[in-house]
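See below for entry.cif, which holds mmCIF, C-alpha atoms.
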data_upload
loop_
_atom_site.label_atom_id
_atom_site.label_comp_id
_atom_site.auth_asym_id
_atom_site.auth_seq_id
_atom_site.Cartn_x
_atom_site.Cartn_y
_atom_site.Cartn_z
CA MET A 718 106.33 138.18 183.46
CA GLY A 719 105.94 141.05 185.87
CA ALA A 720 103.49 140.69 188.72
CA GLN A 721 101.80 143.94 187.72
CA ILE A 722 100.87 142.69 184.27
CA ARG A 723 99.46 139.47 185.67
CA VAL A 724 97.20 141.36 188.05
CA TYR A 725 95.85 143.52 185.25
CA ARG A 726 95.29 140.50 183.01
CA GLN A 727 93.25 138.82 185.71
CA LYS A 728 91.18 141.94 186.25
CA ILE A 729 90.49 142.28 182.55
CA ALA A 730 89.45 138.65 182.29
CA SER A 731 87.07 138.80 185.24
CA THR A 732 85.53 142.10 184.15
CA THR A 733 85.00 140.69 180.67
CA SER A 734 83.11 137.72 182.02
CA THR A 735 80.91 139.81 184.32
CA ARG A 736 80.21 142.10 181.40
CA LYS A 737 78.88 139.10 179.52
CA ILE A 738 76.48 138.41 182.39
CA PHE A 739 75.31 142.04 182.46
CA LYS A 740 74.76 141.97 178.72
CA ALA A 741 72.77 138.76 178.94
CA MET A 742 70.61 140.07 181.79
CA GLU A 743 70.01 143.29 179.91
CA LEU A 744 68.87 141.37 176.85
CA ILE A 745 66.61 139.12 178.90
CA ALA A 746 65.00 142.10 180.63
CA THR A 747 64.54 143.88 177.30
CA SER A 748 62.84 140.89 175.75
CA ARG A 749 60.53 140.48 178.74
CA ILE A 750 59.45 144.11 178.96
CA GLY A 751 57.50 143.82 175.75
CA LYS A 752 55.61 140.87 177.12
CA ALA A 753 55.00 142.54 180.47
CA ARG A 754 53.65 145.63 178.76
CA SER A 755 51.36 143.63 176.54
CA ARG A 756 50.05 141.86 179.63
CA VAL A 757 49.32 145.26 181.17
CA SER A 758 47.23 146.13 178.14
CA ALA A 759 45.70 142.64 177.95
CA ALA A 760 44.30 143.07 181.44
CA LEU A 761 42.79 146.43 180.53
CA PRO A 762 39.52 145.25 178.88
CA TYR A 763 38.63 143.29 182.02
CA ALA A 764 39.47 146.21 184.28
CA ASN A 765 37.48 148.58 182.10
CA ALA A 766 34.42 146.35 182.00
CA ILE A 767 34.48 145.70 185.71
CA THR A 768 35.03 149.35 186.60
CA ARG A 769 32.14 150.40 184.41
CA ALA A 770 29.88 147.83 186.00
CA VAL A 771 30.90 148.69 189.55
CA SER A 772 30.39 152.39 189.00
CA ALA A 773 27.03 151.68 187.37
CA VAL A 774 25.78 149.65 190.31
CA SER A 775 27.16 151.89 193.01
CA SER A 776 25.94 155.12 191.40
CA GLN A 777 22.48 153.89 190.50
CA SER A 778 21.53 151.99 193.56
CA GLU A 779 21.59 153.41 197.02
CA ILE A 780 23.32 150.50 198.61
CA ASP A 781 25.53 150.79 201.62
CA HIS A 782 28.01 148.11 200.86
CA PRO A 783 30.70 147.44 203.46
CA LEU A 784 33.38 147.77 200.82
CA THR A 785 32.38 151.23 199.70
CA THR A 786 31.56 152.85 203.02
CA GLU A 787 34.22 154.51 205.10
CA HIS A 788 34.72 153.14 208.56
CA GLY A 789 33.91 155.89 211.00
CA GLU A 790 37.16 155.81 212.86
CA VAL A 791 40.27 154.53 211.17
CA ARG A 792 42.47 152.89 213.76
CA ARG A 793 44.38 150.37 211.73
CA ALA A 794 45.54 150.37 208.14
CA ALA A 795 46.98 147.63 206.00
CA VAL A 796 49.69 148.40 203.47
CA LEU A 797 50.54 146.09 200.61
CA VAL A 798 54.08 146.69 199.38
CA LEU A 799 55.10 145.45 195.96
CA SER A 800 58.81 144.88 195.50
CA SER A 801 60.90 142.49 193.43
CA ASP A 802 62.18 139.01 194.16
CA ARG A 803 65.65 139.67 192.87
CA GLY A 804 68.00 142.57 193.04
CA LEU A 805 70.10 143.84 190.14
CA ALA A 806 67.34 146.22 189.24
CA GLY A 807 68.92 149.46 190.31
CA SER A 808 66.89 151.33 192.86
CA TYR A 809 63.60 149.65 191.96
CA SER A 810 62.93 147.87 195.26
CA ALA A 811 64.66 150.53 197.33
CA SER A 812 62.46 153.32 196.00
CA ALA A 813 59.28 151.29 196.43
CA LEU A 814 60.28 150.58 200.03
CA LYS A 815 61.15 154.21 200.58
CA GLU A 816 57.71 155.20 199.35
CA ALA A 817 56.22 152.64 201.74
CA GLU A 818 58.27 154.04 204.62
CA GLY A 819 56.86 157.48 203.86
CA LEU A 820 53.34 156.11 203.89
CA PHE A 821 53.93 154.26 207.17
CA GLU A 822 55.06 157.49 208.73
CA VAL A 823 52.03 159.42 207.52
CA LEU A 824 49.67 156.70 208.74
CA ARG A 825 51.36 156.49 212.12
CA SER A 826 51.29 160.25 212.53
CA GLU A 827 47.53 160.03 212.01
CA GLY A 828 47.42 157.63 214.91
CA LYS A 829 46.83 154.51 212.85
CA GLU A 830 48.36 151.17 213.50
CA VAL A 831 50.03 149.75 210.38
CA HIS A 832 49.89 146.14 209.23
CA SER A 833 52.17 145.24 206.36
CA TYR A 834 51.57 142.76 203.59
CA LEU A 835 54.54 142.17 201.35
CA ILE A 836 55.09 140.94 197.84
CA GLY A 837 58.61 140.05 196.74
CA ARG A 838 61.64 138.68 198.50
CA LYS A 839 63.36 142.08 198.66
CA ALA A 840 60.62 143.54 200.83
CA GLN A 841 60.74 140.46 203.04
CA GLN A 842 64.50 140.79 203.49
CA TYR A 843 64.11 144.48 204.28
CA PHE A 844 61.60 143.73 207.01
CA ASP A 845 63.47 140.71 208.37
CA PHE A 846 66.70 142.65 208.61
CA ARG A 847 65.03 145.37 210.64
CA ARG A 848 63.19 142.81 212.73
CA ARG A 849 59.85 144.27 211.83
CA ASP A 850 56.63 142.35 211.79
CA TYR A 851 54.58 141.71 208.71
CA GLU A 852 51.31 139.87 208.36
CA ARG A 853 51.90 137.94 205.18
CA VAL A 854 54.34 137.71 202.36
CA TRP A 855 54.05 136.39 198.84
CA THR A 856 57.24 135.65 196.95
CA GLY A 857 58.09 134.28 193.56
CA GLY A 858 57.18 135.49 190.12
CA THR A 859 57.20 139.23 190.69
CA ASP A 860 58.43 139.77 187.14
CA ALA A 861 55.61 137.67 185.67
CA PRO A 862 52.68 137.85 188.07
CA GLU A 863 49.89 135.29 187.91
CA PHE A 864 46.26 136.17 188.36
CA GLU A 865 46.05 133.42 190.95
CA THR A 866 48.45 135.33 193.21
CA ALA A 867 46.39 138.48 192.79
CA ARG A 868 43.33 136.52 193.82
CA GLU A 869 45.06 135.14 196.90
CA VAL A 870 46.25 138.60 197.90
CA GLY A 871 42.78 139.99 197.27
CA GLU A 872 41.15 137.33 199.44
CA ALA A 873 43.61 137.86 202.27
CA LEU A 874 43.17 141.63 202.23
CA LEU A 875 39.41 141.41 201.90
CA SER A 876 39.03 139.06 204.85
CA THR A 877 41.10 141.31 207.09
CA PHE A 878 39.12 144.32 205.89
CA LEU A 879 35.81 142.64 206.68
CA ALA A 880 36.98 141.46 210.10
CA ASP A 881 36.21 143.55 213.17
CA PHE A 882 38.88 145.77 214.65
CA GLU A 883 38.99 143.71 217.80
CA GLU A 884 39.73 140.58 215.79
CA GLY A 885 42.61 142.26 214.03
CA GLY A 886 40.67 143.71 211.15
CA VAL A 887 41.81 146.84 209.35
CA ASP A 888 39.84 149.90 208.38
CA GLU A 889 41.64 150.82 205.21
CA ILE A 890 44.02 149.26 202.73
CA HIS A 891 46.74 150.95 200.73
CA ILE A 892 48.95 149.59 197.98
CA VAL A 893 52.48 150.79 197.30
CA TYR A 894 53.51 149.90 193.78
CA THR A 895 55.66 151.23 190.96
CA LYS A 896 53.83 152.81 188.12
CA PHE A 897 55.22 152.15 184.68
CA ARG A 898 55.23 155.53 182.96
CA SER A 899 57.70 154.76 180.22
CA MET A 900 60.87 152.81 179.63
CA VAL A 901 62.86 155.46 181.47
CA VAL A 902 60.38 156.69 184.05
CA GLN A 903 58.86 154.43 186.68
CA GLU A 904 57.50 156.11 189.72
CA PRO A 905 56.61 154.55 193.04
CA SER A 906 53.05 155.45 193.94
CA VAL A 907 50.44 154.84 196.58
CA LEU A 908 46.89 153.79 195.92
CA ARG A 909 44.10 153.49 198.44
CA LEU A 910 42.37 150.24 197.64
CA LEU A 911 39.71 150.12 200.34
CA PRO A 912 37.31 151.68 201.09
CA LEU A 913 36.75 151.96 197.38
CA GLU A 914 36.82 155.14 195.48
CA VAL A 915 35.40 153.98 192.21
CA VAL A 916 37.57 155.93 189.86
CA GLU A 917 40.11 154.52 187.48
CA GLU A 918 42.52 156.88 185.87
CA ASP A 919 43.43 154.35 183.19
CA VAL A 920 39.87 153.98 182.04
CA GLN A 921 38.71 156.37 179.41
CA GLN A 922 35.29 157.51 180.52
CA SER A 923 33.15 157.92 177.48
CA GLY A 924 30.75 160.82 177.46
CA GLU A 925 27.71 158.57 177.23
CA LEU A 926 25.58 158.08 180.27
CA LEU A 927 25.46 154.74 181.97
CA PRO A 928 22.19 153.00 181.15
CA LEU A 929 19.71 152.09 183.82
CA TYR A 930 20.42 148.46 184.41
CA GLU A 931 18.21 145.71 185.61
CA TYR A 932 19.93 143.47 188.08
CA GLU A 933 19.88 139.77 188.40
CA PRO A 934 19.60 138.63 191.08
CA GLU A 935 19.46 141.75 193.32
CA PRO A 936 21.74 144.81 193.22
CA GLU A 937 23.24 143.79 196.57
CA GLN A 938 24.20 140.36 195.33
CA VAL A 939 25.53 141.76 192.08
CA LEU A 940 27.68 144.17 194.04
CA ASP A 941 28.76 141.35 196.35
CA ALA A 942 29.97 139.43 193.34
CA LEU A 943 31.50 142.41 191.57
CA LEU A 944 33.52 144.10 194.27
CA PRO A 945 35.90 141.27 195.14
CA ARG A 946 36.57 140.88 191.41
CA TYR A 947 37.14 144.58 191.09
CA ILE A 948 39.64 144.47 193.93
CA GLU A 949 41.42 141.49 192.45
CA SER A 950 41.62 143.21 189.13
CA ARG A 951 43.03 146.35 190.75
CA ILE A 952 45.65 144.32 192.61
CA PHE A 953 46.51 142.39 189.48
CA ALA A 954 46.85 145.65 187.55
CA THR A 955 49.29 147.06 190.09
CA MET A 956 51.24 143.80 190.04
CA LEU A 957 51.53 143.94 186.27
CA GLN A 958 52.60 147.58 186.38
CA SER A 959 55.21 146.77 188.97
CA ALA A 960 56.48 143.84 186.94
CA ALA A 961 56.92 146.02 183.88
CA SER A 962 58.68 148.64 186.03
CA GLU A 963 60.94 146.03 187.57
CA LEU A 964 62.04 144.77 184.19
CA ALA A 965 62.60 148.28 182.88
CA ALA A 966 64.63 149.17 185.97
CA ARG A 967 66.65 145.97 185.60
CA GLN A 968 67.31 146.63 181.96
CA ARG A 969 68.57 150.11 182.73
CA ALA A 970 70.69 148.97 185.66
CA MET A 971 72.25 146.21 183.60
CA LYS A 972 72.93 148.54 180.72
CA SER A 973 74.84 150.96 182.90
CA ALA A 974 76.64 148.08 184.63
CA GLY A 975 77.70 146.80 181.23
CA ASP A 976 78.87 150.27 180.19
CA ASN A 977 80.86 150.62 183.39
CA ALA A 978 82.47 147.23 182.79
CA THR A 979 83.50 148.36 179.32
CA GLU A 980 85.05 151.47 180.82
CA LEU A 981 86.93 149.39 183.37
CA ILE A 982 88.25 147.02 180.74
CA LYS A 983 89.52 149.97 178.73
CA LYS A 984 91.25 151.44 181.76
CA TYR A 985 92.87 148.15 182.78
CA THR A 986 94.02 147.52 179.22
CA ARG A 987 95.78 150.90 179.22
CA LEU A 988 97.40 150.16 182.56
CA ARG A 989 98.48 146.70 181.41
CA ASN A 990 100.07 148.14 178.29
CA THR A 991 101.90 150.75 180.32
CA ALA A 992 103.15 148.08 182.69
CA ARG A 993 104.32 145.90 179.83
CA GLN A 994 106.07 148.81 178.17
CA ALA A 995 107.74 149.72 181.47
CA GLU A 996 108.97 146.15 181.83
CA ILE A 997 110.41 146.12 178.33
CA THR A 998 112.12 149.42 178.92
CA GLN A 999 113.58 148.15 182.14
CA GLU A 1000 114.84 144.94 180.55
CA LEU A 1001 116.44 146.92 177.72
CA SER A 1002 118.17 149.30 180.06
CA GLU A 1003 119.42 146.37 182.10
CA ILE A 1004 120.87 144.72 179.01
CA VAL A 1005 122.45 147.95 177.85
CA ALA A 1006 123.82 148.60 181.29
CA GLY A 1007 125.20 145.04 181.44
CA ALA A 1008 126.85 145.34 178.04
CA ASP A 1009 128.34 148.69 179.03
CA ALA A 1010 129.72 147.21 182.20
CA LEU A 1011 131.29 144.28 180.29
CA SER A 1012 132.87 146.44 177.60
CA ALA A 1013 134.16 148.85 180.22
CA SER A 1014 135.99 146.14 182.09
CA MET B 1337 27.45 150.20 167.03
CA ALA B 1338 25.18 147.43 165.92
CA SER B 1339 21.59 148.52 166.39
CA ASN B 1340 19.92 146.75 163.52
CA GLY B 1341 19.20 143.44 165.11
CA GLU B 1342 22.70 142.36 165.94
CA LEU B 1343 24.47 142.03 169.23
CA GLU B 1344 27.96 143.26 169.72
CA VAL B 1345 29.57 140.72 171.97
CA GLU B 1346 32.80 141.04 173.86
CA ILE B 1347 34.18 138.30 176.11
CA VAL B 1348 37.07 139.17 178.39
CA ALA B 1349 38.87 137.13 181.01
CA ALA B 1350 40.96 138.46 183.88
CA ASP B 1351 44.28 138.54 182.08
CA HIS B 1352 43.43 138.33 178.43
CA PHE B 1353 40.92 139.10 175.76
CA VAL B 1354 38.86 136.12 174.63
CA TRP B 1355 36.52 136.92 171.78
CA SER B 1356 34.55 139.71 170.24
CA GLY B 1357 32.22 139.98 167.30
CA ALA B 1358 28.68 140.35 166.11
CA ALA B 1359 26.15 137.78 167.25
CA ARG B 1360 22.48 136.92 166.87
CA SER B 1361 21.98 135.67 170.38
CA VAL B 1362 23.76 134.86 173.61
CA SER B 1363 22.60 132.44 176.24
CA ALA B 1364 24.12 132.20 179.68
CA ARG B 1365 23.49 130.73 183.08
CA THR B 1366 22.90 133.19 185.89
CA ALA B 1367 22.17 132.78 189.55
CA ASN B 1368 18.45 132.70 188.83
CA GLY B 1369 18.57 130.36 185.88
CA ASP B 1370 19.34 130.44 182.19
CA ILE B 1371 18.92 133.66 180.33
CA GLY B 1372 18.81 134.29 176.61
CA ILE B 1373 19.84 137.63 175.21
CA LEU B 1374 18.44 138.72 171.85
CA PRO B 1375 18.97 142.06 170.14
CA GLY B 1376 17.01 144.83 171.79
CA HIS B 1377 17.27 143.37 175.27
CA THR B 1378 16.77 145.76 178.14
CA PRO B 1379 20.00 146.79 179.94
CA ILE B 1380 20.88 144.18 182.50
CA LEU B 1381 23.75 143.40 184.79
CA ALA B 1382 23.79 139.82 185.97
CA VAL B 1383 26.05 137.48 187.85
CA LEU B 1384 27.20 134.40 185.96
CA GLU B 1385 27.23 130.95 187.42
CA ALA B 1386 29.89 128.44 186.54
CA GLY B 1387 28.84 126.69 183.40
CA GLU B 1388 28.67 127.09 179.69
CA LEU B 1389 27.82 130.13 177.75
CA ALA B 1390 26.72 129.93 174.14
CA VAL B 1391 27.12 132.64 171.54
CA GLU B 1392 25.41 132.41 168.16
CA PRO B 1393 27.59 134.54 165.89
CA VAL B 1394 26.19 136.22 162.77
CA SER B 1395 28.63 134.27 160.67
CA GLY B 1396 30.44 131.16 161.65
CA GLU B 1397 29.78 128.38 164.06
CA ARG B 1398 28.13 128.48 167.43
CA LEU B 1399 30.64 129.35 170.08
CA VAL B 1400 30.56 127.62 173.42
CA VAL B 1401 32.61 129.13 176.22
CA GLY B 1402 33.12 127.47 179.57
CA VAL B 1403 33.27 129.97 182.42
CA ASP B 1404 33.66 129.53 186.14
CA GLY B 1405 31.92 132.61 187.40
CA GLY B 1406 31.88 136.22 186.44
CA PHE B 1407 29.23 138.65 185.30
CA PHE B 1408 27.86 140.17 182.14
CA SER B 1409 26.25 143.41 181.18
CA VAL B 1410 23.94 144.27 178.32
CA ASP B 1411 23.24 147.76 177.14
CA ALA B 1412 22.17 149.03 173.74
CA ASN B 1413 22.85 145.67 172.11
CA ARG B 1414 26.33 145.59 173.51
CA VAL B 1415 27.06 142.52 175.57
CA VAL B 1416 30.16 142.49 177.73
CA ILE B 1417 30.90 139.17 179.34
CA VAL B 1418 33.50 139.28 182.08
CA ALA B 1419 34.59 135.79 183.05
CA ASP B 1420 37.06 134.79 185.71
CA ASN B 1421 38.32 132.02 183.57
CA ALA B 1422 37.03 131.49 180.08
CA GLN B 1423 37.74 128.53 177.88
CA VAL B 1424 36.53 128.63 174.32
CA GLY B 1425 35.13 125.24 173.38
CA GLY B 1426 36.41 124.01 176.70
CA SER B 1427 39.86 123.21 175.34
CA VAL B 1428 41.73 126.41 174.54
CA PRO B 1429 44.19 127.29 177.30
CA SER B 1430 43.40 130.39 179.29
CA GLU B 1431 46.81 131.78 178.56
CA ALA B 1432 50.04 130.22 177.39
CA VAL B 1433 52.55 131.88 179.67
#

Write out the structure in this file as structure tokens.
Amino acid sequence: MGAQIRVYRQKIASTTSTRKIFKAMELIATSRIGKARSRVSAALPYANAITRAVSAVSSQSEIDHPLTTEHGEVRRAAVLVLSSDRGLAGSYSASALKEAEGLFEVLRSEGKEVHSYLIGRKAQQYFDFRRRDYERVWTGGTDAPEFETAREVGEALLSTFLADFEEGGVDEIHIVYTKFRSMVVQEPSVLRLLPLEVVEEDVQQSGELLPLYEYEPEPEQVLDALLPRYIESRIFATMLQSAASELAARQRAMKSAGDNATELIKKYTRLRNTARQAEITQELSEIVAGADALSAS
Amino acid sequence: MASNGELEVEIVAADHFVWSGAARSVSARTANGDIGILPGHTPILAVLEAGELAVEPVSGERLVVGVDGGFFSVDANRVVIVADNAQVGGSVPSEAV
């Protein structure tokens, strides 16, 4: 057999097996998106209830809570970047990191020092490779976030927010995440977490007025208990959105990888057939030429 | 909206929906002590302590939910209980992932 044909056969075989992997990953991502999206909507009632309560307390009582008041001078900002643990999701992590880069630049140009908090192994690798410092990193389970992780992140961010500047505290906190618009559109976005602006675009504000609540124990304590929960729920919501986006991006990337593999297989099959035909033609002409030479002698 | 002597109760946990329905009364433990909510209660926003929360539904059996912190709000006979971790009857898993 000609060397050319063997090379093409090998290429076809290897492309076929990688195509199987792409197909499998595409199917896995597709089946998980549904679940991720239903988790996004499952977390909505909690977010709605908590947002309503927080806005009720903060609008009705004249409390200066540390979480809602702007620090006079913003000298240091924390940025939480949500990326994925694994690649093979197209430009998902890259575009989130690009968005984060943009934010870093804006913050630095405003004269703020930036502290980074990372979620996902891709962000960690990005920072490690560039030898940049980050405060903390959480990895594992970016495609199926746990509320426990959100709570941990929330606690870490809250404690640095409440710390004084001299002790390494920050004056504001931003989150870079990927918003899940639809199966085809996921856009990286930035959200300022702290100081709080109590507005939630996902919450449908009903026209009714918020009732005048009584508080138990005191409004301050209620707010103390509510705000950390509110922050956790916001972080959890962005994590769920990012997870859904990651899966959608992965599904799309794997689909196009699979399509490209199919294209390649087609091309190599053509080339292999041509090579085989050329070999046959050559053998025939050799035989004919040999016979001619014999009969001529 | 239930205004004729019934409470409209909704229990939500951080990552899932727990229970909703009409109820005759709700009793819960707050930072200041136990509180009972009957229809027509004045609007209140209170912090929940870890403990059990009992809902007396209009139909069906008394529902006991174990919570480990959270808060609840009452307005116009609508009770929204937001628990960090809610377990109905103390045995149902918070979420089968």

Evaluate the PyMOL selection byres ((chain B) within 9 of (chain A)) and report residues as a PyMOL selection string: chain B and resi 1347-1353+1366-1368+1378-1383+1406-1412+1416-1420+1433

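Interatomic distance, CA of Ala813 in chain A against CA of Asp976 in chain A: 25.5 Å.
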
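When the PyMOL selection byres ((chain A and resi 805) around 8) is evaluated against the file, it yields Arg803, Gly804, Ala806, Gly807, Arg967, Ala970 and Met971 of chain A.
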
Identify all residues satisfying the PyMOL selection byres ((chain B and resi 1391) around 12) in the given file; provide them as number ranges by chain. B: 1343-1347, 1355-1364, 1372-1374, 1388-1390, 1392-1402, 1415, 1417, 1424-1425

Nearest to Arg749 in chain A, chosen from A:Ala794, A:Ala960, A:Leu1011, A:Leu981, with only C-alpha atoms counted in the distances: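 Among the listed residues, the smallest separation from Arg749 in chain A belongs to A:Ala960.
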
What's the separation between CA of Arg792 in chain A and CA of Phe846 in chain A, in Å to one decimal place? 26.8 Å

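Take CA of Gln721 in chain A and CA of Glu1003 in chain A: the distance between them is 18.7 Å.
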
Might I get the box with edges along x, y and z of the file that holds all atoms of range 1351-1370 of chain B listed there, padded by 3 Å on every side, given as centre and edge lengths in Å to one decimal, as AutoDock Vina command-line options?
--center_x 31.4 --center_y 135.4 --center_z 177.8 --size_x 31.8 --size_y 16.0 --size_z 29.4

Identify, on the basis of only C-alpha atoms, every residue whose closest approach to Val724 in chain A does not exceed 12 Å; exclude the query and any residue fewer than 6 positions from it along the same chain; express the result as number ranges by chain. A: 718, 730-731, 985-986, 988-989, 992-993

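Closest approach to Ile952 in chain A among A:Thr866, A:Thr979, A:Ser876, A:Ser1012 is made by A:Thr866 (distances from all atoms listed in the file).
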
Between B:Val1354, B:Ala1386, B:Arg1365, B:Glu1342, which has the minimum distance to Gln1423 in chain B (counting all atoms listed in the file)?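 When distances to Gln1423 in chain B are compared using all atoms listed in the file, the smallest one comes from B:Val1354.
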
Complete the atom set of range 1358-1372 of chain B to N, CA and C atoms and return it as a JSON list (two decimals), in the frame of the given file.
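For reference, selection.json as written:
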[["chain", "number", "residue", "atom", "x", "y", "z"],
["B", 1358, "ALA", "N", 30.12, 140.16, 166.18],
["B", 1358, "ALA", "CA", 28.68, 140.35, 166.11],
["B", 1358, "ALA", "C", 27.99, 139.01, 166.31],
["B", 1359, "ALA", "N", 26.85, 139.03, 166.97],
["B", 1359, "ALA", "CA", 26.15, 137.78, 167.25],
["B", 1359, "ALA", "C", 24.65, 137.98, 167.17],
["B", 1360, "ARG", "N", 23.94, 136.87, 166.93],
["B", 1360, "ARG", "CA", 22.48, 136.92, 166.87],
["B", 1360, "ARG", "C", 21.89, 136.73, 168.25],
["B", 1361, "SER", "N", 22.52, 135.88, 169.04],
["B", 1361, "SER", "CA", 21.98, 135.67, 170.38],
["B", 1361, "SER", "C", 23.08, 135.15, 171.31],
["B", 1362, "VAL", "N", 22.84, 135.35, 172.60],
["B", 1362, "VAL", "CA", 23.76, 134.86, 173.61],
["B", 1362, "VAL", "C", 22.91, 134.17, 174.67],
["B", 1363, "SER", "N", 23.33, 133.01, 175.11],
["B", 1363, "SER", "CA", 22.60, 132.44, 176.24],
["B", 1363, "SER", "C", 23.60, 132.09, 177.33],
["B", 1364, "ALA", "N", 23.20, 132.35, 178.56],
["B", 1364, "ALA", "CA", 24.12, 132.20, 179.68],
["B", 1364, "ALA", "C", 23.37, 131.69, 180.89],
["B", 1365, "ARG", "N", 24.10, 131.19, 181.85],
["B", 1365, "ARG", "CA", 23.49, 130.73, 183.08],
["B", 1365, "ARG", "C", 23.78, 131.74, 184.19],
["B", 1366, "THR", "N", 22.72, 132.25, 184.79],
["B", 1366, "THR", "CA", 22.90, 133.19, 185.89],
["B", 1366, "THR", "C", 22.43, 132.54, 187.18],
["B", 1367, "ALA", "N", 22.55, 133.31, 188.24],
["B", 1367, "ALA", "CA", 22.17, 132.78, 189.55],
["B", 1367, "ALA", "C", 20.71, 132.35, 189.59],
["B", 1368, "ASN", "N", 19.87, 133.02, 188.80],
["B", 1368, "ASN", "CA", 18.45, 132.70, 188.83],
["B", 1368, "ASN", "C", 18.02, 131.68, 187.78],
["B", 1369, "GLY", "N", 18.94, 131.29, 186.93],
["B", 1369, "GLY", "CA", 18.57, 130.36, 185.88],
["B", 1369, "GLY", "C", 19.12, 130.82, 184.56],
["B", 1370, "ASP", "N", 18.80, 130.09, 183.51],
["B", 1370, "ASP", "CA", 19.34, 130.44, 182.19],
["B", 1370, "ASP", "C", 18.67, 131.69, 181.67],
["B", 1371, "ILE", "N", 19.47, 132.44, 180.90],
["B", 1371, "ILE", "CA", 18.92, 133.66, 180.33],
["B", 1371, "ILE", "C", 19.36, 133.73, 178.86],
["B", 1372, "GLY", "N", 18.47, 134.13, 178.02],
["B", 1372, "GLY", "CA", 18.81, 134.29, 176.61],
["B", 1372, "GLY", "C", 18.77, 135.76, 176.26]]
